[in-house]
Amino acid sequence: MALDLEFELAKGLLEVHPIEAAQALERLASADVAALFAACEPKLISATLRRMAPGSARAALAHVPKPRVAELLAELPLDVSSRLLRSSEPAERTEILQAMPAGYARSVTALLRFPERTAGSLMDPDVLALPQEMKARDAVDSIRKAAHHAHYNVYVIDRDHKLVGVVNLRELLLARGGDPLGAFMQHPVRSLSAHANRQRIASDRGWREVHSLPVVDEAGVYLGAIRYRTLRRIESELQRPKPAMNTTSHALGDLFRAGAVGLVDAIAGPEEESNGDV
C-alpha cells in the first residue's frame with residue numbers, strides 16, 4: 001500500500017510540477033531515472049523530460065532500451081528531441097529514429113542537419129508551403145487535408161522550392177477560387193537564415209507583425225518556420241536566469257524523490273534492496 005502511495009505521489013508530481021520533478025531526477029542516479037522512465041507512460045514523462053538538463057536526460061536515456069527511447073522522444077517538441085539525439089552514436093541514433101513514427105522521424109532528421117541552437121535546428125519543418133501557381137480553391141483543399149501543419153499563414157514557394165511569398169488564411173478564404181496564390185500573396189517575405197542564432201531569432205522585428213517566421217537556406221529555399229511558441233521558449237532561455245530553488249521547490253523535489261525511489265525499488269526487486277546502495 002505504501003509503495004502504491006509513493007507511485008501515485010511520483011506520478012502526481014510529474015503531472016503537476018514537472019520543473020521540480022526534473023530538478024529531483026537530476027539528483028538521482030541515471031540508472032534509477034531510467035527505471036522510472038521505463039515504468040511510466042511516455043505522455044506522463046514528457047513534460048519533465050523536456051525540462052531536465054540535457055546531460056542528465058541523455059545519461060538516463062542511455063540506460064533505456066532504444067524502442068522505449070523512441071517512444072519517449074516522440075512525445076517531445078521536435079527541437080528538444082533532436083537536441084537529445086545529437087550526442088548519441090550514429091548507430092544508436094539510427095536505431096532510435098527507425099523505431100519512431102515515420103513522419104516524426106523525418107522531421108527530426110531535418111533538424112539534425114543544422115548546428116544546435118540555430119534556426120534550422122529549432123524550426124518546425126512541417127509548416128505548410130504551397131506552390132505559387134496553385135489555385136485558391138485547391139489551396140483550401142490542401143489545408144483541409146493537412147490542417148495540423150497550417151497556422152496563421154501559408155508560405156508560397158516556386159518550383160525550385162524558393163520562398164516567394166506568404167498568404168494569410170483570411171485572405172485565402174476571401175480570394176476567388178480560380179486565382180493562383182501568386183496573384184494575391186504578400187511579398188517580399190521577412191525570413192530567417194537557417195544558421196541564425198537564438199539572439200538573432202529573438203531580436204527579429206518581424207515578430208511584431210507575425211506569429212511565425214519562415215526559415216530559408218543560403219539559396220532562399222524554404223525549409224520550415226519558427227513558431228511563436230518556440231520564440232517564447234528561446235526568450236525564456238536567453239533572458240530569464242535560472243531561479244534558485246525556494247523552500248517549496250525543495251519540498252516538492254524531496255517528495256518526488258521519495259515517490260521515485262520507492263517506484264525504482266519496486267522495479268529493481270529485492271536483490272538490489274540488499275546491496276546497501278542509496
# chains A, B, ... in the order shown; residues from 1 in each chain; ligands from 1
call {"tool": "residues_around", "arguments": {"residues": "Tyr155 (chain A)", "least_positions_apart": "5", "cutoff": "12 Å", "atoms": "only C-alpha atoms", "output": "ChimeraX atom specification"}}
result
/A:126-132,139,143,149-150,161-169,172,181-182,185-191,212-216,221-225
call {"tool": "select_by_dssp", "arguments": {"residues": "region 72-184 of chain A", "states": "alpha helix (DSSP H)", "output": "NGL selection string"}}
result
:A and (72-73 or 78-85 or 90-99 or 102-112 or 119-122 or 136-145 or 169-174 or 181-184)
call {"tool": "closest_residue", "arguments": {"among": "A:Lys135, A:Ala102, A:Leu36, A:Ala47", "to": "Ala60 (chain A)", "atoms": "only C-alpha atoms"}}
result
A:Leu36
call {"tool": "closest_residue", "arguments": {"among": "A:Asp79, A:Gly120, A:Asn197, A:Leu13", "to": "Leu44 (chain A)", "atoms": "only C-alpha atoms"}}
result
A:Leu13
call {"tool": "atom_distance", "arguments": {"atom1": "CA of Ala24 (chain A)", "atom2": "CA of Ala38 (chain A)"}}
result
17.1 Å
call {"tool": "atom_distance", "arguments": {"atom1": "CA of Arg86 (chain A)", "atom2": "CA of Tyr104 (chain A)"}}
result
15.8 Å
call {"tool": "select_by_dssp", "arguments": {"residues": "region 80-244 of chain A", "states": "strand (DSSP E or B)", "output": "PyMOL selection string"}}
result
chain A and resi 124+129-131+135+153-157+162-168+180+186+192-193+212-216+221-227
call {"tool": "closest_residue", "arguments": {"among": "A:Leu231, A:Val140, A:Ile157, A:Ala57", "to": "Ala34 (chain A)", "atoms": "only C-alpha atoms"}}
result
A:Ala57
call {"tool": "closest_residue", "arguments": {"among": "A:Pro115, A:Gly177, A:Gly55, A:Pro125", "to": "Leu25 (chain A)", "atoms": "only C-alpha atoms"}}
result
A:Gly55
call {"tool": "closest_residue", "arguments": {"among": "A:Ala194, A:Ala91, A:Val154, A:Val33", "to": "Ala110 (chain A)", "atoms": "only C-alpha atoms"}}
result
A:Ala194
call {"tool": "closest_residue", "arguments": {"among": "A:Arg68, A:Arg208, A:Arg83, A:Arg229", "to": "Ser121 (chain A)", "atoms": "only C-alpha atoms"}}
result
A:Arg83
call {"tool": "residues_around", "arguments": {"residues": "Glu235 (chain A)", "least_positions_apart": "5", "cutoff": "12 Å", "atoms": "only C-alpha atoms", "output": "PyMOL selection string"}}
result
chain A and resi 198-204+228-230+240-241
call {"tool": "write_last_selection", "arguments": {"atoms": "C-alpha atoms", "output": "CSV table (one decimal), in the first residue's frame"}}
result
chain,number,residue,atom,x,y,z
A,198,ARG,CA,19.0,32.4,-30.9
A,199,GLN,CA,19.8,36.1,-30.3
A,200,ARG,CA,19.2,36.8,-34.0
A,201,ILE,CA,15.9,34.9,-34.0
A,202,ALA,CA,14.6,36.6,-30.8
A,203,SER,CA,15.5,40.1,-32.0
A,204,ASP,CA,13.9,39.9,-35.4
A,228,TYR,CA,5.7,31.8,-31.8
A,229,ARG,CA,5.8,29.2,-29.0
A,230,THR,CA,9.4,28.4,-29.9
A,240,ARG,CA,15.4,34.5,-17.5
A,241,PRO,CA,18.1,33.4,-15.1
call {"tool": "residues_around", "arguments": {"residues": "Leu76 (chain A)", "least_positions_apart": "4", "cutoff": "8 Å", "atoms": "only C-alpha atoms", "output": "mmCIF file with C-alpha atoms, in the first residue's frame"}}
result
data_model
loop_
_atom_site.group_PDB
_atom_site.id
_atom_site.type_symbol
_atom_site.label_atom_id
_atom_site.label_comp_id
_atom_site.auth_asym_id
_atom_site.auth_seq_id
_atom_site.Cartn_x
_atom_site.Cartn_y
_atom_site.Cartn_z
ATOM 1 C CA SER A 46 7.388 14.130 -21.466
ATOM 2 C CA ALA A 47 6.836 17.423 -19.597
ATOM 3 C CA ARG A 50 11.922 18.226 -21.731
ATOM 4 C CA LEU A 72 9.708 8.959 -25.074
ATOM 5 C CA VAL A 80 14.024 19.097 -27.907
ATOM 6 C CA SER A 81 14.042 15.580 -29.352
#
call {"tool": "residues_around", "arguments": {"residues": "Ser88 (chain A)", "least_positions_apart": "6", "cutoff": "10 Å", "atoms": "only C-alpha atoms", "output": "list in words"}}
result
Arg58, Ala62, Thr94 and Ile96 of chain A
call {"tool": "decode", "arguments": {"residues": "region 200-218 of chain A", "atoms": "C-alpha atoms", "output": "PDB file, in the first residue's frame"}}
result
ATOM      1  CA  ARG A 200      19.187  36.826 -33.996  1.00  0.00           C
ATOM      2  CA  ILE A 201      15.913  34.893 -33.952  1.00  0.00           C
ATOM      3  CA  ALA A 202      14.604  36.591 -30.812  1.00  0.00           C
ATOM      4  CA  SER A 203      15.521  40.110 -31.952  1.00  0.00           C
ATOM      5  CA  ASP A 204      13.948  39.939 -35.421  1.00  0.00           C
ATOM      6  CA  ARG A 205      11.489  42.798 -35.926  1.00  0.00           C
ATOM      7  CA  GLY A 206       9.152  40.516 -37.831  1.00  0.00           C
ATOM      8  CA  TRP A 207       7.745  39.170 -34.561  1.00  0.00           C
ATOM      9  CA  ARG A 208       5.908  42.481 -34.129  1.00  0.00           C
ATOM     10  CA  GLU A 209       3.645  41.561 -37.042  1.00  0.00           C
ATOM     11  CA  VAL A 210       3.520  37.763 -37.398  1.00  0.00           C
ATOM     12  CA  HIS A 211       3.192  34.601 -35.330  1.00  0.00           C
ATOM     13  CA  SER A 212       5.799  32.633 -37.267  1.00  0.00           C
ATOM     14  CA  LEU A 213       8.866  33.397 -39.366  1.00  0.00           C
ATOM     15  CA  PRO A 214       9.965  31.229 -42.310  1.00  0.00           C
ATOM     16  CA  VAL A 215      13.442  29.706 -42.376  1.00  0.00           C
ATOM     17  CA  VAL A 216      15.455  29.521 -45.608  1.00  0.00           C
ATOM     18  CA  ASP A 217      18.865  28.240 -46.686  1.00  0.00           C
ATOM     19  CA  GLU A 218      21.590  30.206 -48.486  1.00  0.00           C
TER      20      GLU A 218
END
